[in-house]
Amino acid sequence: MLRYFIQKSLAGSKLVKPRIIICIPFGITQVEKRAVKESAEQAGAREVYLIEEPMPAAIGAGLPITEPSGNMIVDIGGGTTEVAVISLGGIVFSKSVRVAGDKFDEAITQYIKKKYSLLIGERTAEAIKISIGNAYPFDEEVKSFEVKGRDLIAGAPKIIEVTSDEIRDALSDPISEVVEAIKISLEKTPPELAADIVDNGIILAGGGSLLANLDILIKEKTGLPVSLAEDPLTCVVRGCGKALESIDLLKQVTTLS
C-alpha cells in the first residue's frame, strides 16, 4: 500500500525517493515504531519521520504547540481516540483508547439488532450516526431516520424508524469511555498547564468529533470550554503537511527520524 501511494505521488518515477511522515498512535513500542519505519523505507522512502497522532492534529487545528502554555487536543478518529496535553513542542501527557468512530457505528448496529431484531451493515450504521447521531439532546424536536435491513426472525427485508433519542442511548457507552479518557488526562496534567487549559479550553479534532452535540456533552462533564477545530476531519493531514514544510518543526515534533 505504501509503495502504491509513493508511486502515485511521484507519477511513476523511480528515480526520486520522497521524504515521508507517518502518524502513529501515542504509546506504541520502539519495536513497533521501527517496524513502521522499515516498512516505509522498503516501500521507497528516502527519509521517514514518525509523529504521534495528537501532534499533527494540534498543528492542523492551529494550536501554538511550541509555546510554553498548555493545550489539550482530543483527536477522535476511526479506530482510536487520542487525548493529549501539548506544551513546548512535546506531549506532556497523552491517553489513547480504542474507542472512536468505528465503535460508534458498532454500538448502533448492536442496539438495532438487540431492540428490533434487525441486521444492518456498517454503511447504514454510519448513515444513521451522521444523520441523527447525537451525544446530547437536540434543542429542536426529536429527529428520526428510516432504517432498512434484514429481519433476523423472518429473514426478510424490513423497514423500521429510529429516533435520535434511541441513537443517543446506543452511543452512551462508547461516548462515556471517551469522556473518561479526557477526565483522566485532566487529572494527570501538571497544575500550571491545567490552568492554561481552563483558559484555552479543549479542542476537538478528527471525524468522530463531528458527532452532533459531542462538544456540549464534554463541556457539561468537564466544566471547561470546548470547541471544534476548523475542518476537524482533515486536521491530522493538514498538520502533517505543515510539519513537512518546516524541517525545524518536523525534527522537533517527531519521535524517530
# chains A, B, ... in the order shown; residues from 1 in each chain; ligands from 1
$ residues_around --residues "segment 244-250 of chain A" --least-positions-apart "4" --cutoff "9 Å" --atoms "only C-alpha atoms" --output "PyMOL selection string"
chain A and resi 19-21+49+51+66+89+239-240+254
$ write_last_selection --atoms "all heavy atoms" --output "CSV table (one decimal), in the first residue's frame"
chain,number,residue,atom,x,y,z
A,19,ARG,N,10.5,12.2,1.0
A,19,ARG,CA,10.5,12.3,2.4
A,19,ARG,C,9.1,12.0,2.9
A,19,ARG,O,8.1,12.6,2.4
A,19,ARG,CB,11.0,13.7,2.9
A,19,ARG,CG,11.0,13.8,4.4
A,19,ARG,CD,11.3,15.3,4.8
A,19,ARG,NE,12.6,15.7,4.3
A,19,ARG,CZ,12.8,16.9,3.7
A,19,ARG,NH1,11.8,17.7,3.5
A,19,ARG,NH2,14.0,17.2,3.4
A,20,ILE,N,8.9,11.1,3.9
A,20,ILE,CA,7.6,10.7,4.3
A,20,ILE,C,7.4,10.9,5.8
A,20,ILE,O,8.3,10.7,6.6
A,20,ILE,CB,7.4,9.2,4.0
A,20,ILE,CG1,7.2,9.0,2.5
A,20,ILE,CG2,6.1,8.7,4.7
A,20,ILE,CD1,7.0,7.5,2.1
A,21,ILE,N,6.2,11.4,6.2
A,21,ILE,CA,5.9,11.5,7.6
A,21,ILE,C,4.7,10.5,7.8
A,21,ILE,O,3.7,10.5,7.1
A,21,ILE,CB,5.5,12.9,7.9
A,21,ILE,CG1,5.2,13.1,9.4
A,21,ILE,CG2,4.4,13.5,7.1
A,21,ILE,CD1,5.2,14.5,9.9
A,49,TYR,N,9.8,10.0,8.9
A,49,TYR,CA,9.6,10.7,10.2
A,49,TYR,C,8.3,10.1,10.8
A,49,TYR,O,7.3,10.1,10.1
A,49,TYR,CB,9.5,12.2,10.0
A,49,TYR,CG,10.8,12.8,9.6
A,49,TYR,CD1,11.0,13.0,8.2
A,49,TYR,CD2,11.7,13.3,10.5
A,49,TYR,CE1,12.2,13.6,7.7
A,49,TYR,CE2,12.9,13.9,10.0
A,49,TYR,CZ,13.1,14.1,8.7
A,49,TYR,OH,14.3,14.7,8.2
A,51,ILE,N,5.5,10.6,13.7
A,51,ILE,CA,4.9,11.6,14.6
A,51,ILE,C,3.7,11.0,15.3
A,51,ILE,O,2.8,10.4,14.6
A,51,ILE,CB,4.6,12.9,13.7
A,51,ILE,CG1,4.1,14.0,14.6
A,51,ILE,CG2,3.6,12.5,12.6
A,51,ILE,CD1,4.0,15.3,13.9
A,66,THR,N,4.4,25.1,20.2
A,66,THR,CA,5.8,25.4,20.6
A,66,THR,C,5.9,26.4,21.7
A,66,THR,O,7.0,26.6,22.3
A,66,THR,CB,6.6,26.0,19.4
A,66,THR,OG1,6.0,27.2,18.9
A,66,THR,CG2,6.7,24.9,18.3
A,89,GLY,N,6.3,22.1,22.2
A,89,GLY,CA,6.6,21.2,21.1
A,89,GLY,C,6.6,19.7,21.5
A,89,GLY,O,7.1,18.9,20.7
A,239,GLY,N,-1.9,19.0,9.5
A,239,GLY,CA,-0.8,19.2,10.4
A,239,GLY,C,0.4,18.5,9.9
A,239,GLY,O,1.5,19.1,10.1
A,240,CYS,N,0.3,17.3,9.3
A,240,CYS,CA,1.5,16.6,8.7
A,240,CYS,C,2.1,17.5,7.6
A,240,CYS,O,3.3,17.6,7.5
A,240,CYS,CB,1.1,15.3,8.2
A,240,CYS,SG,0.7,14.0,9.5
A,254,THR,N,8.8,15.1,15.8
A,254,THR,CA,8.9,13.7,15.5
A,254,THR,C,9.6,12.9,16.6
A,254,THR,O,10.4,13.4,17.3
A,254,THR,CB,9.6,13.4,14.2
A,254,THR,OG1,10.8,14.1,14.1
A,254,THR,CG2,8.7,13.9,13.0
$ residues_around --residues "Thr189 of chain A" --least-positions-apart "3" --cutoff "9 Å" --atoms "only C-alpha atoms" --output "list in words"
Val85, Val92, Phe93, Ile184, Ser185, Leu186, Glu192, Leu193 and Ala194 of chain A
$ write_last_selection --atoms "all heavy atoms" --output "short mmCIF file (atom, residue, chain, number, x, y, z; two decimals), in the first residue's frame"
data_model
loop_
_atom_site.label_atom_id
_atom_site.label_comp_id
_atom_site.auth_asym_id
_atom_site.auth_seq_id
_atom_site.Cartn_x
_atom_site.Cartn_y
_atom_site.Cartn_z
N VAL A 85 -2.10 16.48 26.10
CA VAL A 85 -1.76 17.83 26.55
C VAL A 85 -0.39 18.16 25.98
O VAL A 85 0.57 17.41 26.19
CB VAL A 85 -1.74 17.91 28.10
CG1 VAL A 85 -1.32 19.31 28.54
CG2 VAL A 85 -3.09 17.55 28.67
N VAL A 92 3.06 16.35 26.87
CA VAL A 92 3.27 16.26 28.32
C VAL A 92 2.57 15.01 28.87
O VAL A 92 3.12 14.28 29.68
CB VAL A 92 2.74 17.52 29.03
CG1 VAL A 92 2.93 17.41 30.54
CG2 VAL A 92 3.43 18.77 28.49
N PHE A 93 1.35 14.80 28.43
CA PHE A 93 0.61 13.60 28.83
C PHE A 93 -0.35 13.24 27.71
O PHE A 93 -0.92 14.12 27.06
CB PHE A 93 -0.19 13.83 30.12
CG PHE A 93 -0.97 12.61 30.56
CD1 PHE A 93 -0.36 11.60 31.28
CD2 PHE A 93 -2.31 12.45 30.20
CE1 PHE A 93 -1.07 10.46 31.65
CE2 PHE A 93 -3.02 11.32 30.57
CZ PHE A 93 -2.39 10.32 31.30
N ILE A 184 -9.37 11.65 32.85
CA ILE A 184 -8.11 11.10 33.36
C ILE A 184 -6.94 11.98 32.92
O ILE A 184 -6.03 12.26 33.71
CB ILE A 184 -7.92 9.65 32.87
CG1 ILE A 184 -8.94 8.72 33.53
CG2 ILE A 184 -6.49 9.16 33.15
CD1 ILE A 184 -8.97 7.31 32.96
N SER A 185 -6.97 12.42 31.67
CA SER A 185 -5.90 13.28 31.16
C SER A 185 -5.85 14.60 31.91
O SER A 185 -4.76 15.12 32.22
CB SER A 185 -6.11 13.54 29.66
OG SER A 185 -6.09 12.35 28.93
N LEU A 186 -7.01 15.16 32.24
CA LEU A 186 -7.05 16.40 33.01
C LEU A 186 -6.49 16.20 34.41
O LEU A 186 -5.78 17.06 34.94
CB LEU A 186 -8.48 16.93 33.08
CG LEU A 186 -9.07 17.48 31.77
CD1 LEU A 186 -10.56 17.71 31.90
CD2 LEU A 186 -8.37 18.77 31.37
N GLU A 192 0.20 23.84 36.47
CA GLU A 192 0.45 25.05 35.68
C GLU A 192 -0.19 24.96 34.31
O GLU A 192 -0.78 25.93 33.81
CB GLU A 192 1.97 25.27 35.51
CG GLU A 192 2.72 25.53 36.80
CD GLU A 192 3.04 24.25 37.57
OE1 GLU A 192 2.77 23.15 37.02
OE2 GLU A 192 3.53 24.34 38.70
N LEU A 193 -0.09 23.76 33.69
CA LEU A 193 -0.67 23.59 32.37
C LEU A 193 -2.19 23.44 32.45
O LEU A 193 -2.90 23.85 31.52
CB LEU A 193 -0.06 22.35 31.68
CG LEU A 193 1.45 22.40 31.44
CD1 LEU A 193 1.91 21.15 30.72
CD2 LEU A 193 1.84 23.65 30.65
N ALA A 194 -2.68 22.89 33.55
CA ALA A 194 -4.13 22.76 33.74
C ALA A 194 -4.78 24.14 33.77
O ALA A 194 -5.89 24.33 33.25
CB ALA A 194 -4.42 22.00 35.03
#
$ residues_around --residues "Arg168 of chain A" --least-positions-apart "6" --cutoff "9 Å" --atoms "only C-alpha atoms" --output "PDB file with N, CA, C and O atoms, in the first residue's frame"
ATOM      1  N   ILE A 132     -28.676  11.362  12.406  1.00  0.00           N
ATOM      2  CA  ILE A 132     -29.388  11.680  13.663  1.00  0.00           C
ATOM      3  C   ILE A 132     -28.578  11.339  14.918  1.00  0.00           C
ATOM      4  O   ILE A 132     -29.082  11.463  16.027  1.00  0.00           O
ATOM      5  N   GLY A 133     -27.318  10.903  14.727  1.00  0.00           N
ATOM      6  CA  GLY A 133     -26.493  10.590  15.888  1.00  0.00           C
ATOM      7  C   GLY A 133     -26.255  11.829  16.741  1.00  0.00           C
ATOM      8  O   GLY A 133     -26.083  12.927  16.213  1.00  0.00           O
ATOM      9  N   ASN A 134     -26.261  11.671  18.057  1.00  0.00           N
ATOM     10  CA  ASN A 134     -26.057  12.819  18.943  1.00  0.00           C
ATOM     11  C   ASN A 134     -25.575  12.341  20.307  1.00  0.00           C
ATOM     12  O   ASN A 134     -25.875  11.237  20.739  1.00  0.00           O
ATOM     13  N   ALA A 135     -24.804  13.202  20.967  1.00  0.00           N
ATOM     14  CA  ALA A 135     -24.295  12.877  22.296  1.00  0.00           C
ATOM     15  C   ALA A 135     -25.076  13.609  23.379  1.00  0.00           C
ATOM     16  O   ALA A 135     -24.975  13.265  24.559  1.00  0.00           O
ATOM     17  N   TYR A 136     -25.850  14.599  22.966  1.00  0.00           N
ATOM     18  CA  TYR A 136     -26.618  15.442  23.899  1.00  0.00           C
ATOM     19  C   TYR A 136     -27.896  15.834  23.184  1.00  0.00           C
ATOM     20  O   TYR A 136     -27.879  16.052  21.962  1.00  0.00           O
ATOM     21  N   PRO A 137     -29.039  15.901  23.914  1.00  0.00           N
ATOM     22  CA  PRO A 137     -30.325  16.156  23.238  1.00  0.00           C
ATOM     23  C   PRO A 137     -30.315  17.388  22.340  1.00  0.00           C
ATOM     24  O   PRO A 137     -29.710  18.404  22.663  1.00  0.00           O
TER      25      PRO A 137
END
$ residues_around --residues "segment 232-238 of chain A" --least-positions-apart "6" --cutoff "6 Å" --atoms "only C-alpha atoms" --output "PyMOL selection string"
chain A and resi 56-57+60-61+205-207
$ select_by_dssp --residues "segment 8-231 of chain A" --states "strand (DSSP E or B)" --output "PyMOL selection string"
chain A and resi 19-24+47-52+71-76+81-87+90-97+118-119+134+144-151+157-163+202-205+212+226-228
$ write_last_selection --atoms "C-alpha atoms" --output "tab-separated table (two decimals), in the first residue's frame"
chain	number	residue	atom	x	y	z
A	19	ARG	CA	10.51	12.27	2.45
A	20	ILE	CA	7.59	10.67	4.32
A	21	ILE	CA	5.85	11.48	7.59
A	22	ILE	CA	3.74	8.74	9.20
A	23	CYS	CA	1.29	9.21	12.07
A	24	ILE	CA	1.44	6.61	14.83
A	47	GLU	CA	13.58	9.73	4.87
A	48	VAL	CA	10.91	8.58	7.31
A	49	TYR	CA	9.61	10.67	10.20
A	50	LEU	CA	7.23	9.22	12.78
A	51	ILE	CA	4.90	11.60	14.57
A	52	GLU	CA	2.45	10.73	17.34
A	71	ASN	CA	-3.07	22.95	25.07
A	72	MET	CA	-5.40	19.95	25.10
A	73	ILE	CA	-6.34	18.21	21.86
A	74	VAL	CA	-8.86	15.35	21.59
A	75	ASP	CA	-8.49	13.53	18.27
A	76	ILE	CA	-11.41	11.16	17.71
A	81	THR	CA	-9.30	8.43	20.39
A	82	GLU	CA	-6.10	10.28	21.32
A	83	VAL	CA	-6.25	12.77	24.19
A	84	ALA	CA	-3.10	14.83	24.67
A	85	VAL	CA	-1.76	17.83	26.55
A	86	ILE	CA	0.90	19.59	24.49
A	87	SER	CA	3.43	22.23	25.52
A	90	GLY	CA	6.18	17.99	23.17
A	91	ILE	CA	3.41	15.80	24.54
A	92	VAL	CA	3.27	16.26	28.32
A	93	PHE	CA	0.61	13.60	28.83
A	94	SER	CA	-1.46	11.51	26.45
A	95	LYS	CA	-4.02	8.76	26.71
A	96	SER	CA	-5.17	6.57	23.85
A	97	VAL	CA	-8.37	4.50	23.94
A	118	LEU	CA	-32.86	-6.14	12.54
A	119	LEU	CA	-29.47	-6.68	10.96
A	134	ASN	CA	-26.06	12.82	18.94
A	144	SER	CA	-35.99	10.21	13.05
A	145	PHE	CA	-34.39	8.03	10.39
A	146	GLU	CA	-35.79	5.24	8.21
A	147	VAL	CA	-33.64	2.12	8.55
A	148	LYS	CA	-33.65	-0.73	6.04
A	149	GLY	CA	-32.23	-4.11	6.98
A	150	ARG	CA	-32.88	-7.84	7.29
A	151	ASP	CA	-35.30	-9.17	9.89
A	157	PRO	CA	-36.11	-7.31	4.33
A	158	LYS	CA	-37.72	-4.91	6.79
A	159	ILE	CA	-38.01	-1.16	7.33
A	160	ILE	CA	-38.16	0.49	10.75
A	161	GLU	CA	-37.87	4.05	12.06
A	162	VAL	CA	-35.44	5.02	14.83
A	163	THR	CA	-35.23	8.31	16.71
A	202	ILE	CA	-10.35	21.67	24.88
A	203	ILE	CA	-10.07	21.39	21.10
A	204	LEU	CA	-11.82	18.51	19.31
A	205	ALA	CA	-10.45	17.09	16.04
A	212	ALA	CA	-23.75	16.22	16.97
A	226	VAL	CA	-14.86	23.01	24.31
A	227	SER	CA	-14.62	23.89	20.64
A	228	LEU	CA	-14.32	22.10	17.30
$ select_by_dssp --residues "segment 120-235 of chain A" --states "alpha helix (DSSP H)" --output "VMD selection string"
chain A and resid 122 to 132 164 to 188 191 to 200 214 to 222 235
$ atom_distance --atom1 "atom CA of Lys37 of chain A" --atom2 "atom CA of Ala58 of chain A"
22.6 Å
$ residues_around --residues "Val99 of chain A" --least-positions-apart "3" --cutoff "9 Å" --atoms "only C-alpha atoms" --output "list in words"
Ile76, Gly77, Gly78, Gly79, Thr80, Thr81, Ser96, Asp102, Lys103, Phe104, Pro174, Ile175, Glu177 and Val178 of chain A
$ atom_distance --atom1 "atom CA of Ser209 of chain A" --atom2 "atom CA of Glu32 of chain A"
27.4 Å
$ atom_distance --atom1 "atom CA of Gly241 of chain A" --atom2 "atom CA of Ala229 of chain A"
16.5 Å
$ closest_residue --among "A:Ile108, A:Ile216, A:Ile182, A:Ala40" --to "Met1 of chain A" --atoms "only C-alpha atoms"
A:Ala40
$ closest_residue --among "A:Ser172, A:Asn200, A:Gln30, A:Gln42" --to "Arg3 of chain A" --atoms "only C-alpha atoms"
A:Gln42
